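target_6.tsv (TSV, C-alpha atoms and all ligand atoms) appears below.
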chain	number	residue	atom	x	y	z
A	1	MET	CA	26.55	-6.91	30.57
A	2	ASN	CA	23.31	-4.99	30.46
A	3	LEU	CA	23.97	-2.36	27.78
A	4	HIS	CA	21.49	0.26	29.00
A	5	GLY	CA	23.42	3.43	29.91
A	6	LYS	CA	26.83	1.81	29.26
A	7	THR	CA	29.51	3.67	27.27
A	8	ILE	CA	30.44	1.71	24.13
A	9	VAL	CA	33.25	2.98	21.89
A	10	ILE	CA	33.08	1.83	18.24
A	11	THR	CA	35.92	2.71	15.87
A	12	GLY	CA	35.25	3.00	12.13
A	13	ALA	CA	31.57	3.64	12.94
A	14	ALA	CA	30.77	5.97	10.03
A	15	ARG	CA	29.69	3.24	7.62
A	16	GLY	CA	29.71	-0.50	6.87
A	17	LEU	CA	29.98	-2.93	9.76
A	18	GLY	CA	30.73	-0.24	12.37
A	19	ALA	CA	27.56	1.70	11.54
A	20	ALA	CA	25.51	-1.53	11.59
A	21	MET	CA	26.92	-2.38	15.04
A	22	ALA	CA	26.13	1.11	16.32
A	23	LYS	CA	22.53	0.89	15.08
A	24	ARG	CA	21.84	-2.53	16.59
A	25	LEU	CA	23.41	-1.57	19.94
A	26	ALA	CA	21.52	1.76	19.95
A	27	THR	CA	18.24	-0.06	20.65
A	28	HIS	CA	19.61	-0.91	24.14
A	29	ARG	CA	19.83	2.85	24.91
A	30	PRO	CA	23.59	2.95	25.63
A	31	VAL	CA	25.95	5.92	25.40
A	32	LEU	CA	27.73	5.44	22.06
A	33	ALA	CA	31.13	7.00	21.39
A	34	LEU	CA	31.43	6.75	17.61
A	35	VAL	CA	34.92	7.22	16.13
A	36	ASP	CA	35.90	7.76	12.50
A	37	LEU	CA	37.80	10.02	10.11
A	38	ARG	CA	34.74	10.49	7.81
A	39	ALA	CA	32.95	13.31	9.63
A	40	ASP	CA	29.86	13.54	7.38
A	41	ASP	CA	29.10	9.81	7.33
A	42	LEU	CA	29.70	9.71	11.08
A	43	LYS	CA	27.08	12.42	11.65
A	44	ALA	CA	24.54	10.44	9.62
A	45	ALA	CA	25.26	7.24	11.57
A	46	ALA	CA	24.98	9.17	14.84
A	47	ALA	CA	21.59	10.63	13.87
A	48	ALA	CA	20.26	7.13	13.06
A	49	CYS	CA	21.49	5.84	16.45
A	50	GLU	CA	19.91	8.75	18.34
A	51	ALA	CA	16.60	8.03	16.60
A	52	LEU	CA	16.86	4.44	17.91
A	53	GLY	CA	17.31	5.58	21.53
A	54	ALA	CA	21.07	5.97	22.12
A	55	THR	CA	22.92	8.96	23.49
A	56	VAL	CA	25.68	9.58	20.94
A	57	HIS	CA	29.00	11.43	20.93
A	58	CYS	CA	31.13	11.62	17.77
A	59	PHE	CA	34.94	11.74	17.74
A	60	GLY	CA	37.29	12.32	14.80
A	61	ALA	CA	40.43	10.37	15.61
A	62	ASN	CA	43.01	8.41	13.62
A	63	VAL	CA	43.33	5.07	15.46
A	64	ALA	CA	46.85	4.61	14.07
A	65	LYS	CA	48.18	7.71	15.90
A	66	GLU	CA	49.07	7.30	19.59
A	67	ALA	CA	48.40	10.95	20.51
A	68	ASP	CA	44.95	10.84	18.81
A	69	VAL	CA	43.99	7.65	20.63
A	70	ILE	CA	45.09	8.89	24.08
A	71	ALA	CA	43.20	12.17	23.53
A	72	LEU	CA	40.17	10.23	22.25
A	73	PHE	CA	39.84	8.10	25.38
A	74	ASP	CA	40.45	11.12	27.66
A	75	GLN	CA	37.59	12.89	25.85
A	76	VAL	CA	35.33	9.84	26.07
A	77	VAL	CA	35.83	9.68	29.86
A	78	ALA	CA	35.33	13.46	30.17
A	79	LYS	CA	32.05	13.35	28.17
A	80	CYS	CA	30.67	9.93	29.08
A	81	GLY	CA	32.18	9.27	32.54
A	82	ALA	CA	33.53	5.76	31.87
A	83	VAL	CA	34.45	3.25	29.17
A	84	HIS	CA	32.52	-0.04	29.46
A	85	ALA	CA	33.13	-1.51	26.00
A	86	LEU	CA	35.28	-1.06	22.92
A	87	VAL	CA	34.75	-2.49	19.45
A	88	ASN	CA	38.00	-2.26	17.48
A	89	ASN	CA	36.40	-2.18	14.03
A	90	ALA	CA	38.27	0.47	11.96
A	91	GLY	CA	40.21	-1.20	9.17
A	92	ILE	CA	41.60	-0.75	5.66
A	93	THR	CA	42.92	-2.92	2.82
A	94	ARG	CA	45.85	-2.33	0.46
A	95	ASP	CA	45.85	-5.61	-1.46
A	96	ALA	CA	48.80	-6.78	-3.60
A	97	LEU	CA	50.64	-10.00	-4.34
A	98	LEU	CA	53.85	-10.44	-2.39
A	99	ILE	CA	55.60	-10.96	-5.75
A	100	LYS	CA	53.90	-10.64	-9.15
A	101	TYR	CA	55.97	-12.64	-11.62
A	102	LYS	CA	54.92	-12.96	-15.26
A	103	ASP	CA	56.68	-14.01	-18.48
A	104	GLY	CA	60.02	-14.42	-16.69
A	105	LYS	CA	59.85	-10.99	-15.09
A	106	VAL	CA	59.00	-9.59	-11.66
A	107	GLU	CA	56.19	-7.13	-12.46
A	108	SER	CA	55.62	-5.85	-8.92
A	109	LYS	CA	56.00	-6.52	-5.19
A	110	MET	CA	53.88	-5.57	-2.20
A	111	THR	CA	55.40	-2.24	-1.23
A	112	LEU	CA	56.52	-1.31	2.26
A	113	ASP	CA	53.91	1.48	2.14
A	114	GLN	CA	51.13	-1.04	1.45
A	115	TRP	CA	52.39	-3.25	4.27
A	116	GLN	CA	52.84	-0.40	6.75
A	117	ALA	CA	49.54	1.38	6.05
A	118	VAL	CA	47.55	-1.78	6.82
A	119	LEU	CA	49.63	-2.71	9.85
A	120	ASP	CA	49.36	0.84	11.23
A	121	VAL	CA	45.55	0.93	11.16
A	122	ASN	CA	44.56	-2.74	11.51
A	123	LEU	CA	47.15	-3.89	14.06
A	124	THR	CA	48.73	-0.86	15.80
A	125	GLY	CA	45.34	0.90	15.88
A	126	VAL	CA	43.79	-2.07	17.67
A	127	PHE	CA	46.72	-2.26	20.11
A	128	LEU	CA	46.51	1.47	20.94
A	129	CYS	CA	42.71	1.57	21.38
A	130	GLY	CA	42.72	-1.69	23.37
A	131	ARG	CA	45.47	-0.42	25.66
A	132	GLU	CA	43.88	2.97	26.30
A	133	ALA	CA	40.39	1.48	26.81
A	134	ALA	CA	41.72	-1.17	29.22
A	135	GLU	CA	43.59	1.46	31.25
A	136	ARG	CA	40.42	3.51	31.71
A	137	MET	CA	38.31	0.43	32.53
A	138	ILE	CA	40.83	-0.58	35.21
A	139	THR	CA	41.30	2.89	36.74
A	140	GLY	CA	37.54	3.58	36.49
A	141	LYS	CA	36.92	0.26	38.29
A	142	VAL	CA	34.21	-0.81	35.84
A	143	PRO	CA	33.83	-4.24	34.24
A	144	GLY	CA	34.57	-4.02	30.52
A	145	VAL	CA	34.54	-5.82	27.19
A	146	ILE	CA	36.89	-5.45	24.22
A	147	ILE	CA	36.01	-6.91	20.82
A	148	ASN	CA	38.53	-6.97	17.96
A	149	ILE	CA	37.22	-7.33	14.41
A	150	SER	CA	39.45	-9.88	12.70
A	151	SER	CA	38.63	-11.54	9.34
A	152	ILE	CA	38.40	-14.91	7.63
A	153	SER	CA	41.68	-13.76	6.01
A	154	ARG	CA	43.45	-14.31	9.34
A	155	ALA	CA	43.97	-17.88	8.05
A	156	GLY	CA	45.99	-16.48	5.12
A	157	ASN	CA	44.53	-15.11	1.86
A	158	ALA	CA	46.34	-14.63	-1.45
A	159	GLY	CA	46.93	-10.94	-2.17
A	160	GLN	CA	46.62	-9.99	1.48
A	161	THR	CA	49.97	-10.59	3.20
A	162	ASN	CA	49.55	-7.33	5.14
A	163	TYR	CA	45.83	-7.74	5.97
A	164	SER	CA	46.09	-11.45	6.88
A	165	ALA	CA	49.04	-10.77	9.22
A	166	ALA	CA	47.18	-7.94	10.96
A	167	LYS	CA	43.92	-9.89	11.27
A	168	ALA	CA	45.71	-12.93	12.75
A	169	GLY	CA	47.39	-10.50	15.15
A	170	VAL	CA	44.17	-8.93	16.44
A	171	ALA	CA	42.63	-12.35	17.09
A	172	ALA	CA	45.74	-13.31	19.10
A	173	MET	CA	45.63	-9.99	20.99
A	174	ALA	CA	42.04	-10.71	22.09
A	175	VAL	CA	43.14	-14.07	23.55
A	176	THR	CA	46.09	-12.39	25.29
A	177	TRP	CA	43.89	-9.65	26.76
A	178	ALA	CA	41.27	-12.18	27.91
A	179	LYS	CA	44.03	-13.84	29.95
A	180	GLU	CA	45.75	-10.68	31.20
A	181	LEU	CA	42.69	-8.57	31.98
A	182	ALA	CA	40.23	-11.10	33.46
A	183	ARG	CA	41.48	-10.20	36.96
A	184	TYR	CA	40.09	-6.67	36.41
A	185	GLY	CA	36.70	-7.90	35.23
A	186	ILE	CA	37.52	-7.26	31.58
A	187	ARG	CA	36.55	-9.75	28.85
A	188	ALA	CA	38.01	-9.79	25.34
A	189	ALA	CA	37.02	-11.65	22.17
A	190	SER	CA	37.25	-11.33	18.40
A	191	ILE	CA	35.00	-11.83	15.38
A	192	ALA	CA	36.27	-13.12	12.03
A	193	PRO	CA	33.67	-12.20	9.39
A	194	GLY	CA	33.65	-13.84	5.96
A	195	PHE	CA	32.42	-11.80	2.98
A	196	ILE	CA	29.89	-9.25	4.18
A	197	ASN	CA	27.55	-7.17	2.05
A	198	THR	CA	28.90	-3.67	2.82
A	199	GLU	CA	29.10	-0.53	0.64
A	200	MET	CA	32.45	-1.79	-0.63
A	201	VAL	CA	30.98	-5.03	-1.99
A	202	ALA	CA	27.74	-3.44	-3.24
A	203	GLY	CA	29.75	-1.70	-5.98
A	204	MET	CA	31.08	-4.99	-7.41
A	205	LYS	CA	30.10	-6.18	-10.89
A	206	PRO	CA	27.32	-8.84	-10.77
A	207	GLU	CA	29.68	-11.47	-12.32
A	208	ALA	CA	32.36	-10.88	-9.68
A	209	ARG	CA	29.73	-10.98	-6.96
A	210	GLU	CA	28.30	-14.24	-8.32
A	211	LYS	CA	31.77	-15.83	-8.42
A	212	LEU	CA	32.40	-14.81	-4.83
A	213	THR	CA	29.10	-16.09	-3.45
A	214	SER	CA	29.12	-19.39	-5.36
A	215	GLY	CA	32.07	-20.55	-3.24
A	216	ILE	CA	30.25	-19.87	0.04
A	217	PRO	CA	28.40	-22.98	1.33
A	218	LEU	CA	25.40	-20.81	2.41
A	219	LYS	CA	25.45	-19.30	-1.12
A	220	ARG	CA	25.20	-15.69	-0.01
A	221	MET	CA	27.26	-12.99	1.64
A	222	GLY	CA	26.66	-12.14	5.24
A	223	GLU	CA	24.68	-9.02	6.14
A	224	PRO	CA	26.28	-6.31	8.32
A	225	ASP	CA	23.58	-6.83	10.95
A	226	GLU	CA	24.65	-10.49	11.29
A	227	ILE	CA	28.07	-9.27	12.47
A	228	ALA	CA	26.35	-6.68	14.68
A	229	GLN	CA	24.29	-9.48	16.27
A	230	THR	CA	27.53	-11.25	17.21
A	231	VAL	CA	28.90	-8.06	18.80
A	232	GLU	CA	25.66	-7.74	20.80
A	233	PHE	CA	25.91	-11.38	21.92
A	234	ILE	CA	29.53	-11.06	23.07
A	235	LEU	CA	28.80	-7.87	24.99
A	236	GLN	CA	25.73	-9.32	26.71
A	237	ASN	CA	27.02	-12.81	27.61
A	238	ASP	CA	29.30	-12.50	30.65
A	239	TYR	CA	30.87	-15.95	30.19
A	240	VAL	CA	32.23	-15.22	26.72
A	241	SER	CA	35.94	-14.41	26.62
A	242	GLY	CA	39.13	-15.35	24.79
A	243	ARG	CA	37.51	-16.80	21.65
A	244	CYS	CA	37.25	-15.87	18.00
A	245	PHE	CA	33.74	-16.13	16.49
A	246	GLU	CA	33.84	-17.12	12.81
A	247	ILE	CA	30.77	-15.68	11.04
A	248	ASP	CA	31.36	-16.73	7.45
A	249	GLY	CA	28.54	-18.94	6.09
A	250	ALA	CA	30.92	-21.94	6.42
A	251	LEU	CA	33.40	-20.54	3.86
A	252	ARG	CA	37.00	-21.66	4.24
A	253	LEU	CA	39.71	-19.87	2.29
B	1	LIG	N1	33.22	-6.12	4.77
B	1	LIG	C1	33.73	-7.34	4.88
B	1	LIG	O1	33.42	-8.23	4.10
B	1	LIG	C2	34.71	-7.65	6.00
B	1	LIG	C3	35.13	-8.97	6.18
B	1	LIG	C4	36.00	-9.28	7.21
B	1	LIG	C5	36.45	-8.29	8.05
B	1	LIG	N2	36.07	-6.99	7.87
B	1	LIG	C6	36.58	-5.99	8.78
B	1	LIG	O2	35.50	-5.30	9.37
B	1	LIG	C7	35.88	-3.95	9.65
B	1	LIG	C8	34.91	-3.00	8.99
B	1	LIG	O3	34.91	-3.23	7.60
B	1	LIG	P1	33.89	-2.51	6.57
B	1	LIG	O4	33.65	-3.45	5.47
B	1	LIG	O5	32.73	-1.98	7.32
B	1	LIG	O6	34.86	-1.34	6.03
B	1	LIG	P2	34.53	0.16	5.65
B	1	LIG	O7	35.66	0.64	4.81
B	1	LIG	O8	33.14	0.28	5.09
B	1	LIG	O9	34.54	0.91	7.06
B	1	LIG	C9	35.71	1.08	7.80
B	1	LIG	C10	35.61	2.41	8.51
B	1	LIG	O10	36.86	2.60	9.23
B	1	LIG	C11	37.25	3.94	9.10
B	1	LIG	N3	38.69	4.07	9.28
B	1	LIG	C12	39.66	3.61	8.43
B	1	LIG	N4	40.86	3.94	8.88
B	1	LIG	C13	40.69	4.63	10.05
B	1	LIG	C14	41.56	5.24	10.98
B	1	LIG	N5	42.89	5.22	10.78
B	1	LIG	N6	41.04	5.85	12.06
B	1	LIG	C15	39.70	5.90	12.25
B	1	LIG	N7	38.81	5.32	11.39
B	1	LIG	C16	39.30	4.71	10.30
B	1	LIG	C17	36.82	4.33	7.69
B	1	LIG	O11	36.71	5.74	7.54
B	1	LIG	C18	35.49	3.60	7.55
B	1	LIG	O12	34.39	4.41	7.93
B	1	LIG	C19	37.32	-3.81	9.16
B	1	LIG	O13	38.22	-4.02	10.23
B	1	LIG	C20	37.43	-4.92	8.14
B	1	LIG	O14	38.76	-5.33	7.97
B	1	LIG	C21	35.20	-6.65	6.85
If you took the structure in this file and wrote it as structure tokens, what would it be?
Amino acid sequence: MNLHGKTIVITGAARGLGAAMAKRLATHRPVLALVDLRADDLKAAAAACEALGATVHCFGANVAKEADVIALFDQVVAKCGAVHALVNNAGITRDALLIKYKDGKVESKMTLDQWQAVLDVNLTGVFLCGREAAERMITGKVPGVIINISSISRAGNAGQTNYSAAKAGVAAMAVTWAKELARYGIRAASIAPGFINTEMVAGMKPEAREKLTSGIPLKRMGEPDEIAQTVEFILQNDYVSGRCFEIDGALRL
């Protein structure tokens, strides 16, 4: 897909990986529909993308709410005319051990709220945005691409029952959509990043950071732009579909 003039929706675009994706894609002069709940950060990301050549529209929507997502995609079509690509990037963590047992006592359990909050955003949010984007690609009769941001944790990571389950789910959804939607000219794929140097990680103590990176064969975290490069590659290469791209410096959990 040639990205010039194409409408690309990115959820969770206000900061971190989503903002990095938006900035890299902006150089192709697309129409970016940037979605997030953080209005101020979103404005800053939008200004940076406009300076790089993109036309940008900002939308405040909660991807976990069906009514928000339907209204979001209606507004995108009304403002931008079509939906050519979606990056399902918005995500949260609520880490906890399934059972924390110490000195003969259960100290805590992952709560239903922790489970549900992560599933709502990271799994249901991806389902809703993928469904609404696909509908508009099909009815608009335009070829499209959907990319789900999974994680290395999709293989299972201690402390992340909720997150690992959701991230395995979004990788499986991309394979399912690649099979179901190919007949409409829609491709779907996922990306499973390892540890990436985002705002979240930048605030870590140097010792914790050192411990984390020492276990990575490439001995460093990934940079947000290295995930953005993978998004760009998937969008541009018309024979890519149905696969999960593991961008993790060879780390295995
Ligand atoms: N940073 C990493 O190391 C890493 C590794 C693997 C996977 N990921 C995944 O990459 C994606 C981006 O991660 P990040 O590190 O940039 O996180 P981040 O917290 O910096 O950014 C996520 C963005 O999503 C937005 N968001 C959260 N819930 C939302 C909702 N309900 N509706 C709309 N927007 C919402 C947030 O406001 C935020 O701007 C996530 O899906 C994350 O799980 C990150």
Give one line per residue of segment 15-39 of chain A that approaches segment 83-89 of chain A to at most 12 Å, naming the two atoms of the closest pair and their distance in Å to one decimal, counting all atoms listed in the file; sort by chain then ascending residue number and deliver it as a tab-separated table.
residue	atom	partner	partner_atom	distance
A:Arg15	CA	A:Asn89	CA	10.7
A:Gly16	CA	A:Asn89	CA	9.9
A:Leu17	CA	A:Asn89	CA	7.7
A:Gly18	CA	A:Asn89	CA	6.2
A:Ala19	CA	A:Asn89	CA	10.0
A:Ala20	CA	A:Asn89	CA	11.2
A:Met21	CA	A:Val87	CA	9.0
A:Ala22	CA	A:Val87	CA	9.9
A:Leu25	CA	A:Val87	CA	11.4
A:Pro30	CA	A:His84	CA	10.2
A:Val31	CA	A:Val83	CA	9.7
A:Leu32	CA	A:Ala85	CA	9.6
A:Ala33	CA	A:Leu86	CA	9.2
A:Leu34	CA	A:Val87	CA	10.0
A:Val35	CA	A:Asn89	CA	9.7
A:Asp36	CA	A:Asn89	CA	10.1
Point to revise | Straight-line distance linking atom CA of Ala96 of chain A with atom CA of Thr161 of chain A, stated in Å to one decimal | key: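 Straight-line distance from atom CA of Ala96 of chain A to atom CA of Thr161 of chain A works out to 7.9 Å.
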**Study point:** Counting all atoms listed in the file, the residue of A:Tyr163, A:Val126, A:Arg183, A:Val231 that sits nearest Leu97 of chain A
**Key:**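 The closest residue to Leu97 of chain A is A:Tyr163.
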Would you give me, as CSV, each residue of chain A having an atom within 6 Å of an atom of ligand LIG 1 (chain B), along with its shortest atom pair and that distance in Å to one decimal, using only C-alpha atoms and all ligand atoms and sorting by chain and residue number?
residue,atom,partner,partner_atom,distance
A:Thr11,CA,B:LIG1,N7,5.9
A:Gly12,CA,B:LIG1,O10,3.3
A:Ala13,CA,B:LIG1,O12,5.8
A:Ala14,CA,B:LIG1,O12,4.5
A:Arg15,CA,B:LIG1,O12,4.9
A:Gly16,CA,B:LIG1,O5,3.4
A:Leu17,CA,B:LIG1,O5,3.8
A:Gly18,CA,B:LIG1,O5,5.7
A:Asp36,CA,B:LIG1,N7,4.0
A:Leu37,CA,B:LIG1,N7,5.0
A:Arg38,CA,B:LIG1,O11,5.1
A:Ala61,CA,B:LIG1,C15,5.6
A:Asn62,CA,B:LIG1,N6,3.6
A:Val63,CA,B:LIG1,N6,4.2
A:Ala64,CA,B:LIG1,N5,5.2
A:Asn89,CA,B:LIG1,O13,4.6
A:Ala90,CA,B:LIG1,O10,3.7
A:Gly91,CA,B:LIG1,O13,3.6
A:Ile92,CA,B:LIG1,C12,5.5
A:Val121,CA,B:LIG1,N5,5.1
A:Ile149,CA,B:LIG1,O13,5.4
A:Ser150,CA,B:LIG1,C5,5.8
A:Ser151,CA,B:LIG1,C4,4.1
A:Pro193,CA,B:LIG1,C4,4.3
A:Gly194,CA,B:LIG1,C3,5.1
A:Phe195,CA,B:LIG1,O1,3.9
A:Ile196,CA,B:LIG1,O1,3.7
A:Thr198,CA,B:LIG1,N1,5.3
Check your understanding: What is the distance, in Å and to one decimal place, between atom CA of Ala168 of chain A and atom CA of Ser153 of chain A?
Key -> 7.9 Å
Practice item. Compare A:Val69, A:Ala54, A:Leu251, A:Val106 by their minimum atom-to-atom distance to His4 of chain A, counting all atoms listed in the file, and give me the closest one. Key: A:Ala54
Point to revise | Long-range neighbours of Gly169 of chain A as a list in words, 7 Å cut-off, all atoms listed in the file, 4 positions minimum in chain | key: Leu123, Ala165 and Met173 of chain A
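Near (21.7, -9.2, 23.3), the residues that fall inside 12 Å on the basis of all atoms listed in the file are Met1, Asn2, Leu3, His4, Met21, Arg24, Leu25, Ala26, Thr27, His28, Ala228, Gln229, Thr230, Val231, Glu232, Phe233, Ile234, Leu235, Gln236, Asn237 and Asp238 of chain A.
In this model, the gap between atom CA of Arg243 of chain A and atom CA of Ala189 of chain A comes to 5.2 Å.
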Exercise for review: Just the residues within 12 Å of Asp74 of chain A, please, counting all atoms listed in the file, with nothing from its chain fewer than 3 positions along; format it as a ChimeraX atom specification.
Suggested key: /A:33,59,67-71,77-83,129,132-133,135-137,140
Point to revise | Shell of 9 Å around Ala172 of chain A, all atoms listed in the file, local chain residues under 6 positions omitted, as number ranges by chain | key: A: 190, 242, 244
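The residue that comes closest to Arg94 of chain A, out of A:Val201, A:Asn162, A:Leu128, A:Ala47 and on the basis of only C-alpha atoms, is A:Asn162.
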